[in-house]
>>> print(open('start.cif').read())   # mmCIF, C-alpha atoms
data_query
loop_
_atom_site.label_atom_id
_atom_site.label_comp_id
_atom_site.auth_asym_id
_atom_site.auth_seq_id
_atom_site.Cartn_x
_atom_site.Cartn_y
_atom_site.Cartn_z
CA MET O 393 -50.49 17.36 -5.89
CA VAL O 394 -52.48 14.16 -5.40
CA GLU O 395 -55.82 13.71 -7.15
CA VAL O 396 -58.27 10.91 -6.39
CA GLU O 397 -61.24 10.45 -8.70
CA ALA O 398 -64.24 8.13 -8.19
CA LEU O 399 -62.14 5.70 -6.15
CA THR O 400 -63.88 2.45 -5.17
CA LYS O 401 -62.75 -0.59 -3.23
CA ARG O 402 -64.64 -3.65 -2.07
CA TYR O 403 -63.59 -6.58 0.09
CA GLY O 404 -66.12 -9.27 -0.61
CA THR O 405 -69.51 -7.78 0.22
CA LEU O 406 -67.97 -4.90 2.18
CA GLU O 407 -67.69 -1.67 0.18
CA VAL O 408 -64.80 0.20 1.77
CA LEU O 409 -64.50 3.15 -0.63
CA LYS O 410 -67.59 4.45 -2.42
CA GLY O 411 -66.56 6.76 -5.25
CA VAL O 412 -64.17 8.94 -3.25
CA ASN O 413 -63.13 12.22 -4.90
CA ALA O 414 -60.43 14.41 -3.39
CA ARG O 415 -57.68 16.80 -4.43
CA PHE O 416 -54.74 17.19 -2.07
CA GLU O 417 -52.93 20.41 -2.91
CA PRO O 418 -49.30 21.50 -2.50
CA GLY O 419 -48.56 23.72 0.47
CA ARG O 420 -51.44 22.25 2.45
CA VAL O 421 -51.84 19.73 5.26
CA THR O 422 -55.03 17.75 4.76
CA ALA O 423 -56.32 15.87 7.79
CA VAL O 424 -58.15 12.66 6.88
CA VAL O 425 -60.54 11.94 9.73
CA GLY O 426 -63.45 9.67 10.49
CA PRO O 427 -64.43 6.83 12.81
CA ASN O 428 -62.81 3.41 12.70
CA ALA O 429 -63.55 1.46 9.50
CA SER O 430 -64.39 4.66 7.62
CA GLY O 431 -61.93 3.95 4.78
CA LYS O 432 -59.03 6.21 5.84
CA THR O 433 -56.35 3.51 5.74
CA THR O 434 -57.63 2.04 2.49
CA LEU O 435 -57.57 5.47 0.85
CA MET O 436 -53.99 6.15 1.91
CA LYS O 437 -52.77 2.67 0.97
CA SER O 438 -54.42 3.06 -2.44
CA ILE O 439 -52.43 6.26 -3.02
CA LEU O 440 -49.29 4.43 -1.93
CA GLY O 441 -49.98 1.52 -4.27
CA LEU O 442 -50.27 -0.94 -1.37
CA VAL O 443 -53.95 -1.50 -2.16
CA VAL O 444 -55.30 -1.86 -5.70
CA PRO O 445 -58.69 -0.13 -5.98
CA ASP O 446 -61.51 -1.66 -7.98
CA GLY O 447 -62.26 1.53 -9.86
CA GLY O 448 -61.30 5.16 -10.22
CA ARG O 449 -58.09 7.07 -10.85
CA ILE O 450 -55.17 8.32 -8.77
CA ARG O 451 -52.72 10.92 -10.05
CA VAL O 452 -49.57 12.07 -8.27
CA GLY O 453 -47.97 15.17 -9.71
CA GLY O 454 -50.25 14.83 -12.74
CA GLU O 455 -49.01 11.30 -13.49
CA GLU O 456 -51.19 8.20 -13.31
CA ALA O 457 -50.29 6.26 -10.16
CA LEU O 458 -52.20 3.02 -10.67
CA GLY O 459 -49.89 0.40 -12.14
CA ASN O 460 -46.98 2.84 -12.02
CA PRO O 461 -44.57 1.90 -9.19
CA ALA O 462 -42.18 4.72 -10.10
CA VAL O 463 -44.66 7.21 -8.63
CA ARG O 464 -43.96 5.84 -5.16
CA ALA O 465 -40.54 7.51 -5.22
CA ARG O 466 -42.37 10.83 -4.92
CA ILE O 467 -44.09 9.85 -1.68
CA GLY O 468 -42.68 9.78 1.83
CA TYR O 469 -44.68 7.43 4.05
CA MET O 470 -44.78 7.23 7.81
CA PRO O 471 -46.94 4.29 8.95
CA GLN O 472 -48.69 4.16 12.29
CA ASP O 473 -46.75 1.08 13.38
CA PRO O 474 -43.37 0.99 11.60
CA ARG O 475 -41.74 -2.44 11.28
CA PHE O 476 -38.08 -3.07 10.56
CA PRO O 477 -35.97 -6.26 10.32
CA GLU O 478 -35.10 -7.05 13.93
CA ASN O 479 -31.50 -8.15 13.48
CA VAL O 480 -30.20 -5.06 11.69
CA THR O 481 -29.09 -1.78 13.20
CA VAL O 482 -30.63 1.63 12.72
CA GLY O 483 -27.64 2.65 10.62
CA GLU O 484 -28.01 -0.42 8.42
CA VAL O 485 -31.70 0.31 7.83
CA ILE O 486 -30.82 3.82 6.68
CA ARG O 487 -28.03 2.56 4.40
CA TRP O 488 -30.29 -0.13 2.88
CA ILE O 489 -32.93 2.46 2.01
CA GLN O 490 -30.28 4.76 0.57
CA GLU O 491 -28.95 1.93 -1.61
CA LEU O 492 -32.45 1.00 -2.69
CA ARG O 493 -33.15 4.59 -3.70
CA GLY O 494 -29.71 5.13 -5.22
CA GLU O 495 -29.18 8.37 -3.31
CA ARG O 496 -27.95 9.51 0.09
CA GLY O 497 -30.89 11.72 0.82
CA LYS O 498 -31.19 15.35 1.77
CA GLY O 499 -30.18 16.52 5.22
CA LEU O 500 -29.43 13.15 6.80
CA ASP O 501 -27.15 14.66 9.42
CA ALA O 502 -29.73 17.30 10.33
CA LEU O 503 -32.47 14.68 10.69
CA LEU O 504 -30.26 12.45 12.85
CA ASP O 505 -29.64 15.41 15.15
CA LEU O 506 -33.25 16.60 15.09
CA PHE O 507 -34.53 13.24 16.34
CA ALA O 508 -31.46 12.47 18.52
CA LEU O 509 -30.86 9.20 16.65
CA ARG O 510 -27.07 9.15 16.58
CA PRO O 511 -26.78 7.13 19.82
CA ALA O 512 -29.07 4.49 18.28
CA LEU O 513 -27.21 4.06 14.98
CA ASN O 514 -25.47 0.87 16.12
CA GLN O 515 -28.43 -0.57 18.00
CA PRO O 516 -30.47 -3.42 16.48
CA THR O 517 -34.03 -2.34 15.78
CA ARG O 518 -35.42 -5.10 18.03
CA VAL O 519 -34.26 -3.20 21.15
CA LEU O 520 -35.71 0.16 20.12
CA SER O 521 -38.55 1.74 22.02
CA GLY O 522 -41.74 2.55 20.14
CA GLY O 523 -40.81 6.21 20.16
CA THR O 524 -37.38 5.60 18.66
CA ARG O 525 -38.90 3.42 15.94
CA GLN O 526 -41.25 6.29 15.16
CA LYS O 527 -38.30 8.70 14.95
CA LEU O 528 -36.54 6.38 12.49
CA SER O 529 -39.74 6.17 10.46
CA ALA O 530 -39.97 9.97 10.38
CA LEU O 531 -36.36 10.27 9.25
CA LEU O 532 -36.95 7.83 6.37
CA ALA O 533 -40.16 9.60 5.33
CA PHE O 534 -38.47 13.00 5.07
CA LEU O 535 -34.96 11.91 4.03
CA PHE O 536 -35.39 12.01 0.25
CA ASP O 537 -37.26 15.32 0.17
CA PRO O 538 -40.42 13.87 -1.48
CA PRO O 539 -43.06 16.27 -2.80
CA VAL O 540 -45.81 14.22 -1.13
CA LEU O 541 -45.94 13.02 2.49
CA ILE O 542 -48.45 10.55 3.90
CA LEU O 543 -48.33 10.52 7.70
CA ASP O 544 -50.44 7.95 9.56
CA GLU O 545 -50.70 8.69 13.29
CA PRO O 546 -47.14 10.09 13.11
CA THR O 547 -46.68 11.27 16.70
CA ALA O 548 -47.83 8.03 18.36
CA GLY O 549 -45.21 7.15 20.95
CA LEU O 550 -43.15 10.32 20.54
CA ASP O 551 -42.11 12.21 23.66
CA PRO O 552 -43.14 15.89 23.89
CA LEU O 553 -39.80 17.20 22.60
CA ALA O 554 -39.70 14.85 19.60
CA SER O 555 -43.37 15.53 18.88
CA SER O 556 -42.77 19.27 18.92
CA ARG O 557 -39.79 18.96 16.60
CA PHE O 558 -41.73 16.68 14.28
CA LYS O 559 -44.59 19.17 14.02
CA ASP O 560 -42.11 21.93 13.22
CA LEU O 561 -40.74 19.71 10.45
CA VAL O 562 -44.23 19.14 9.03
CA ALA O 563 -45.00 22.87 9.15
CA ALA O 564 -41.75 23.65 7.32
CA ALA O 565 -42.58 21.03 4.68
CA ARG O 566 -46.01 22.54 4.21
CA ASP O 567 -44.57 26.04 3.91
CA GLY O 568 -42.08 24.65 1.40
CA GLY O 569 -44.91 23.57 -0.89
CA LYS O 570 -45.20 19.87 -0.12
CA THR O 571 -48.49 18.00 -0.29
CA ILE O 572 -49.18 16.47 3.12
CA ILE O 573 -51.90 13.95 3.96
CA MET O 574 -52.17 13.18 7.65
CA THR O 575 -54.30 11.12 10.01
CA SER O 576 -54.31 11.35 13.78
CA HIS O 577 -56.61 10.68 16.70
CA VAL O 578 -54.95 13.62 18.46
CA MET O 579 -57.20 16.44 17.30
CA SER O 580 -55.03 19.10 18.94
CA GLU O 581 -52.13 18.37 16.59
CA LEU O 582 -54.43 18.37 13.57
CA GLU O 583 -55.81 21.70 14.76
CA GLU O 584 -52.25 23.00 14.93
CA LEU O 585 -51.19 21.77 11.49
CA ALA O 586 -54.16 21.11 9.21
CA ASP O 587 -55.42 23.53 6.57
CA ARG O 588 -58.09 21.21 5.16
CA VAL O 589 -60.21 18.31 6.41
CA LEU O 590 -61.45 15.23 4.57
CA PHE O 591 -64.10 13.47 6.66
CA LEU O 592 -64.90 9.90 5.64
CA LEU O 593 -67.79 7.80 6.88
CA GLU O 594 -68.36 4.24 5.70
CA GLY O 595 -66.29 4.89 2.61
CA SER O 596 -68.04 8.09 1.54
CA VAL O 597 -66.85 11.70 1.70
CA ILE O 598 -69.09 13.60 4.13
CA PHE O 599 -67.04 16.80 4.15
CA PHE O 600 -64.00 18.05 2.27
CA GLY O 601 -62.89 21.63 2.67
CA ALA O 602 -60.97 24.21 4.67
CA VAL O 603 -60.83 24.00 8.46
CA GLU O 604 -62.46 27.44 8.64
CA GLU O 605 -65.33 26.21 6.48
CA LEU O 606 -65.86 23.23 8.79
CA ARG O 607 -65.91 25.50 11.83
CA ALA O 608 -68.44 27.79 10.19
CA ARG O 609 -70.63 24.87 9.12
CA THR O 610 -70.72 23.27 12.57
CA GLY O 611 -70.63 26.43 14.67
CA GLU O 612 -67.72 25.01 16.66
CA ALA O 613 -64.46 26.89 17.21
CA ARG O 614 -62.37 23.81 18.01
CA LEU O 615 -61.61 21.19 15.38
CA GLU O 616 -62.29 18.28 17.73
CA ARG O 617 -65.78 19.60 18.48
CA ALA O 618 -66.42 20.35 14.81
CA VAL O 619 -65.49 16.80 13.78
CA ALA O 620 -67.68 15.42 16.57
CA ARG O 621 -70.59 17.48 15.20
CA LEU O 622 -70.05 15.95 11.78
CA MET O 623 -70.09 12.48 13.29
CA GLU O 624 -73.30 13.22 15.18
CA GLY O 625 -74.96 14.64 12.08
CA ALA O 626 -73.90 11.67 9.96
#
>>> encode(input="start.cif", output="structure tokens")
Amino acid sequence: MVEVEALTKRYGTLEVLKGVNARFEPGRVTAVVGPNASGKTTLMKSILGLVVPDGGRIRVGGEEALGNPAVRARIGYMPQDPRFPENVTVGEVIRWIQELRGERGKGLDALLDLFALRPALNQPTRVLSGGTRQKLSALLAFLFDPPVLILDEPTAGLDPLASSRFKDLVAAARDGGKTIIMTSHVMSELEELADRVLFLLEGSVIFFGAVEELRARTGEARLERAVARLMEGA
């Protein structure tokens, strides 16, 4: 579980997060949505410890996360635009992360096969396509079986087969009790996976609740239309 309480963040005169409260529960996929510059990235990076908020609290698994780097070991992160050292191979990246973590990881062979990464193991990351980089990022996010997953535009660049397999992996993680926080501009995949929606606008929570509640509130059957209604109303 991830709990965010009264989280604030300001960059100069710009208030990016305005007292955000949210509770991301195990066994749920929460879609964080909102227009550009709504605070989505800052919220997720605060949970990851990549941004230090000005106020508020973050707890991961009941443990204070702020100022506690050890909490990061419980979080698998898949950034929108993964970057890797260009002169190392895919296999070397995996081994470096394993050495850093002090463990091999769970199901490495299965993940290599799932994302068809074996042919790329000896390729330097500089020659990888965007989709293959995304597959490597997915493998690293899931490899150590973390209880929390933060997925930022995870299917960007993935081909239909890899995207389908990735969504199956997310669904299995959700059904296995993991806490999943996900952003995407592809509303159809959020509709397929999300149980709850957190809608941010200019750093404030406009809606936080079940997908069914959002549909009932807006009168729209499709998630994309329901989110659009929220944006119009805001």
>>> atom_distance(input="start.cif", atom1="CA of Pro477 in chain O", atom2="CA of Leu504 in chain O")
19.7 Å
>>> closest_atom_pairs(input="start.cif", of="range 471-508 of chain O", to="range 464-467 of chain O", cutoff="12 Å", atoms="only C-alpha atoms", output="tab-separated table")
residue	atom	partner	partner_atom	distance
O:Ile489	CA	O:Ala465	CA	11.6
O:Leu492	CA	O:Ala465	CA	10.7
O:Arg493	CA	O:Ala465	CA	8.1
O:Gly494	CA	O:Ala465	CA	11.1
O:Glu495	CA	O:Ala465	CA	11.6
>>> atom_distance(input="start.cif", atom1="CA of Ala565 in chain O", atom2="CA of Arg614 in chain O")
24.0 Å
>>> residues_around(input="start.cif", residues="Leu503 in chain O", least_positions_apart="2", cutoff="9 Å", atoms="all atoms listed in the file", output="list in words")
Gly499, Leu500, Asp501, Asp505, Leu506, Phe507, Ala508, Leu509, Ala530, Leu531, Phe534 and Leu535 of chain O
>>> residues_around(input="start.cif", residues="Lys410 in chain O", least_positions_apart="3", cutoff="7 Å", atoms="only C-alpha atoms", output="number ranges by chain")
O: 399-400, 407, 595-596
>>> residues_around(input="start.cif", residues="Val562 in chain O", least_positions_apart="6", cutoff="9 Å", atoms="all atoms listed in the file", output="ChimeraX atom specification")
/O:421,572,585
>>> closest_residue(input="start.cif", among="O:Leu550, O:Leu582, O:Arg475, O:Leu409", to="Ala429 in chain O", atoms="all atoms listed in the file")
O:Leu409
>>> resolve_selection(input="start.cif", expression="the PyMOL selection byres ((chain O and resi 479-484) around 9)", output="list in words")
Phe476, Pro477, Glu478, Val485, Ile486, Arg487, Trp488, Ile489, Leu509, Arg510, Ala512, Leu513, Asn514, Gln515, Pro516, Thr517, Arg518 and Leu528 of chain O
>>> atom_distance(input="start.cif", atom1="CA of Arg617 in chain O", atom2="CA of Ser576 in chain O")
14.9 Å
>>> resolve_selection(input="start.cif", expression="the PyMOL selection byres ((chain O and resi 559) around 12)", output="short mmCIF file (atom, residue, chain, number, x, y, z; two decimals) with C-alpha atoms, in the frame of the given file")
data_model
loop_
_atom_site.label_atom_id
_atom_site.label_comp_id
_atom_site.auth_asym_id
_atom_site.auth_seq_id
_atom_site.Cartn_x
_atom_site.Cartn_y
_atom_site.Cartn_z
CA VAL O 421 -51.84 19.73 5.26
CA LEU O 506 -33.25 16.60 15.09
CA PHE O 507 -34.53 13.24 16.34
CA ALA O 530 -39.97 9.97 10.38
CA LEU O 543 -48.33 10.52 7.70
CA PRO O 546 -47.14 10.09 13.11
CA THR O 547 -46.68 11.27 16.70
CA LEU O 550 -43.15 10.32 20.54
CA PRO O 552 -43.14 15.89 23.89
CA LEU O 553 -39.80 17.20 22.60
CA ALA O 554 -39.70 14.85 19.60
CA SER O 555 -43.37 15.53 18.88
CA SER O 556 -42.77 19.27 18.92
CA ARG O 557 -39.79 18.96 16.60
CA PHE O 558 -41.73 16.68 14.28
CA ASP O 560 -42.11 21.93 13.22
CA LEU O 561 -40.74 19.71 10.45
CA VAL O 562 -44.23 19.14 9.03
CA ALA O 563 -45.00 22.87 9.15
CA ALA O 564 -41.75 23.65 7.32
CA ALA O 565 -42.58 21.03 4.68
CA ARG O 566 -46.01 22.54 4.21
CA MET O 574 -52.17 13.18 7.65
CA SER O 580 -55.03 19.10 18.94
CA GLU O 581 -52.13 18.37 16.59
CA LEU O 582 -54.43 18.37 13.57
CA GLU O 583 -55.81 21.70 14.76
CA GLU O 584 -52.25 23.00 14.93
CA LEU O 585 -51.19 21.77 11.49
CA ALA O 586 -54.16 21.11 9.21
#
>>> resolve_selection(input="start.cif", expression="the PyMOL selection byres ((chain O and resi 431) around 12)", output="PyMOL selection string")
chain O and resi 399-403+406-412+424-430+432-438+443+445+575+590-597
>>> residues_around(input="start.cif", residues="Arg588 in chain O", least_positions_apart="5", cutoff="8 Å", atoms="all atoms listed in the file", output="PyMOL selection string")
chain O and resi 420-423+600-603
>>> closest_residue(input="start.cif", among="O:Ser529, O:Ala548, O:Ala462, O:Ala414", to="Ile450 in chain O", atoms="only C-alpha atoms")
O:Ala414
>>> residues_around(input="start.cif", residues="range 415-419 of chain O", least_positions_apart="6", cutoff="9 Å", atoms="only C-alpha atoms", output="NGL selection string")
:O and (393-397 or 539-540 or 565-573 or 588)
>>> closest_residue(input="start.cif", among="O:Pro474, O:Leu622, O:Thr405, O:Pro538", to="Gly453 in chain O", atoms="all atoms listed in the file")
O:Pro538
>>> decode(input="start.cif", residues="range 590-612 of chain O", atoms="N, CA, C and O atoms", output="PDB file, in the first residue's frame")
ATOM      1  N   LEU O 590      -7.389   8.468 -10.224  1.00  0.00           N
ATOM      2  CA  LEU O 590      -7.018   9.699  -9.527  1.00  0.00           C
ATOM      3  C   LEU O 590      -6.857  10.777 -10.594  1.00  0.00           C
ATOM      4  O   LEU O 590      -5.959  10.688 -11.440  1.00  0.00           O
ATOM      5  N   PHE O 591      -7.737  11.764 -10.571  1.00  0.00           N
ATOM      6  CA  PHE O 591      -7.693  12.843 -11.560  1.00  0.00           C
ATOM      7  C   PHE O 591      -7.114  14.094 -10.912  1.00  0.00           C
ATOM      8  O   PHE O 591      -7.652  14.614  -9.930  1.00  0.00           O
ATOM      9  N   LEU O 592      -5.981  14.546 -11.469  1.00  0.00           N
ATOM     10  CA  LEU O 592      -5.310  15.735 -10.968  1.00  0.00           C
ATOM     11  C   LEU O 592      -5.499  16.894 -11.940  1.00  0.00           C
ATOM     12  O   LEU O 592      -5.468  16.708 -13.161  1.00  0.00           O
ATOM     13  N   LEU O 593      -5.660  18.082 -11.386  1.00  0.00           N
ATOM     14  CA  LEU O 593      -5.734  19.294 -12.191  1.00  0.00           C
ATOM     15  C   LEU O 593      -5.025  20.408 -11.438  1.00  0.00           C
ATOM     16  O   LEU O 593      -5.400  20.727 -10.299  1.00  0.00           O
ATOM     17  N   GLU O 594      -3.966  20.926 -12.058  1.00  0.00           N
ATOM     18  CA  GLU O 594      -3.185  22.007 -11.463  1.00  0.00           C
ATOM     19  C   GLU O 594      -2.777  21.692 -10.025  1.00  0.00           C
ATOM     20  O   GLU O 594      -2.831  22.536  -9.139  1.00  0.00           O
ATOM     21  N   GLY O 595      -2.386  20.432  -9.818  1.00  0.00           N
ATOM     22  CA  GLY O 595      -1.860  20.031  -8.526  1.00  0.00           C
ATOM     23  C   GLY O 595      -2.877  19.665  -7.474  1.00  0.00           C
ATOM     24  O   GLY O 595      -2.509  19.330  -6.341  1.00  0.00           O
ATOM     25  N   SER O 596      -4.152  19.687  -7.820  1.00  0.00           N
ATOM     26  CA  SER O 596      -5.214  19.356  -6.862  1.00  0.00           C
ATOM     27  C   SER O 596      -5.970  18.107  -7.314  1.00  0.00           C
ATOM     28  O   SER O 596      -6.110  17.858  -8.515  1.00  0.00           O
ATOM     29  N   VAL O 597      -6.451  17.337  -6.343  1.00  0.00           N
ATOM     30  CA  VAL O 597      -7.244  16.147  -6.645  1.00  0.00           C
ATOM     31  C   VAL O 597      -8.677  16.572  -6.939  1.00  0.00           C
ATOM     32  O   VAL O 597      -9.367  17.122  -6.079  1.00  0.00           O
ATOM     33  N   ILE O 598      -9.127  16.313  -8.158  1.00  0.00           N
ATOM     34  CA  ILE O 598     -10.494  16.642  -8.562  1.00  0.00           C
ATOM     35  C   ILE O 598     -11.413  15.440  -8.358  1.00  0.00           C
ATOM     36  O   ILE O 598     -12.584  15.585  -8.022  1.00  0.00           O
ATOM     37  N   PHE O 599     -10.868  14.251  -8.567  1.00  0.00           N
ATOM     38  CA  PHE O 599     -11.641  13.026  -8.351  1.00  0.00           C
ATOM     39  C   PHE O 599     -10.690  11.919  -7.954  1.00  0.00           C
ATOM     40  O   PHE O 599      -9.592  11.785  -8.509  1.00  0.00           O
ATOM     41  N   PHE O 600     -11.125  11.103  -6.979  1.00  0.00           N
ATOM     42  CA  PHE O 600     -10.376   9.902  -6.620  1.00  0.00           C
ATOM     43  C   PHE O 600     -11.370   8.849  -6.174  1.00  0.00           C
ATOM     44  O   PHE O 600     -12.038   8.993  -5.143  1.00  0.00           O
ATOM     45  N   GLY O 601     -11.510   7.804  -6.979  1.00  0.00           N
ATOM     46  CA  GLY O 601     -12.472   6.770  -6.638  1.00  0.00           C
ATOM     47  C   GLY O 601     -12.493   5.676  -7.681  1.00  0.00           C
ATOM     48  O   GLY O 601     -11.667   5.630  -8.603  1.00  0.00           O
ATOM     49  N   ALA O 602     -13.453   4.769  -7.546  1.00  0.00           N
ATOM     50  CA  ALA O 602     -13.560   3.628  -8.447  1.00  0.00           C
ATOM     51  C   ALA O 602     -13.981   4.076  -9.842  1.00  0.00           C
ATOM     52  O   ALA O 602     -14.656   5.098 -10.012  1.00  0.00           O
ATOM     53  N   VAL O 603     -13.570   3.299 -10.843  1.00  0.00           N
ATOM     54  CA  VAL O 603     -13.945   3.606 -12.222  1.00  0.00           C
ATOM     55  C   VAL O 603     -15.464   3.647 -12.362  1.00  0.00           C
ATOM     56  O   VAL O 603     -16.017   4.531 -13.033  1.00  0.00           O
ATOM     57  N   GLU O 604     -16.143   2.707 -11.694  1.00  0.00           N
ATOM     58  CA  GLU O 604     -17.612   2.681 -11.774  1.00  0.00           C
ATOM     59  C   GLU O 604     -18.227   3.957 -11.193  1.00  0.00           C
ATOM     60  O   GLU O 604     -19.225   4.466 -11.706  1.00  0.00           O
ATOM     61  N   GLU O 605     -17.634   4.472 -10.134  1.00  0.00           N
ATOM     62  CA  GLU O 605     -18.119   5.711  -9.529  1.00  0.00           C
ATOM     63  C   GLU O 605     -17.940   6.883 -10.491  1.00  0.00           C
ATOM     64  O   GLU O 605     -18.815   7.758 -10.602  1.00  0.00           O
ATOM     65  N   LEU O 606     -16.819   6.911 -11.188  1.00  0.00           N
ATOM     66  CA  LEU O 606     -16.575   7.979 -12.161  1.00  0.00           C
ATOM     67  C   LEU O 606     -17.583   7.914 -13.297  1.00  0.00           C
ATOM     68  O   LEU O 606     -18.115   8.942 -13.736  1.00  0.00           O
ATOM     69  N   ARG O 607     -17.858   6.695 -13.766  1.00  0.00           N
ATOM     70  CA  ARG O 607     -18.837   6.546 -14.844  1.00  0.00           C
ATOM     71  C   ARG O 607     -20.214   7.017 -14.392  1.00  0.00           C
ATOM     72  O   ARG O 607     -20.929   7.705 -15.138  1.00  0.00           O
ATOM     73  N   ALA O 608     -20.589   6.653 -13.175  1.00  0.00           N
ATOM     74  CA  ALA O 608     -21.897   7.066 -12.663  1.00  0.00           C
ATOM     75  C   ALA O 608     -21.963   8.584 -12.490  1.00  0.00           C
ATOM     76  O   ALA O 608     -22.992   9.211 -12.793  1.00  0.00           O
ATOM     77  N   ARG O 609     -20.895   9.171 -12.029  1.00  0.00           N
ATOM     78  CA  ARG O 609     -20.871  10.619 -11.791  1.00  0.00           C
ATOM     79  C   ARG O 609     -20.973  11.417 -13.078  1.00  0.00           C
ATOM     80  O   ARG O 609     -21.636  12.465 -13.126  1.00  0.00           O
ATOM     81  N   THR O 610     -20.318  10.923 -14.143  1.00  0.00           N
ATOM     82  CA  THR O 610     -20.290  11.667 -15.398  1.00  0.00           C
ATOM     83  C   THR O 610     -21.380  11.234 -16.370  1.00  0.00           C
ATOM     84  O   THR O 610     -21.658  11.941 -17.351  1.00  0.00           O
ATOM     85  N   GLY O 611     -21.972  10.071 -16.121  1.00  0.00           N
ATOM     86  CA  GLY O 611     -22.981   9.566 -17.047  1.00  0.00           C
ATOM     87  C   GLY O 611     -22.392   8.993 -18.321  1.00  0.00           C
ATOM     88  O   GLY O 611     -23.124   8.791 -19.300  1.00  0.00           O
ATOM     89  N   GLU O 612     -21.093   8.729 -18.312  1.00  0.00           N
ATOM     90  CA  GLU O 612     -20.413   8.200 -19.495  1.00  0.00           C
ATOM     91  C   GLU O 612     -19.997   6.757 -19.247  1.00  0.00           C
ATOM     92  O   GLU O 612     -19.462   6.427 -18.203  1.00  0.00           O
TER      93      GLU O 612
END
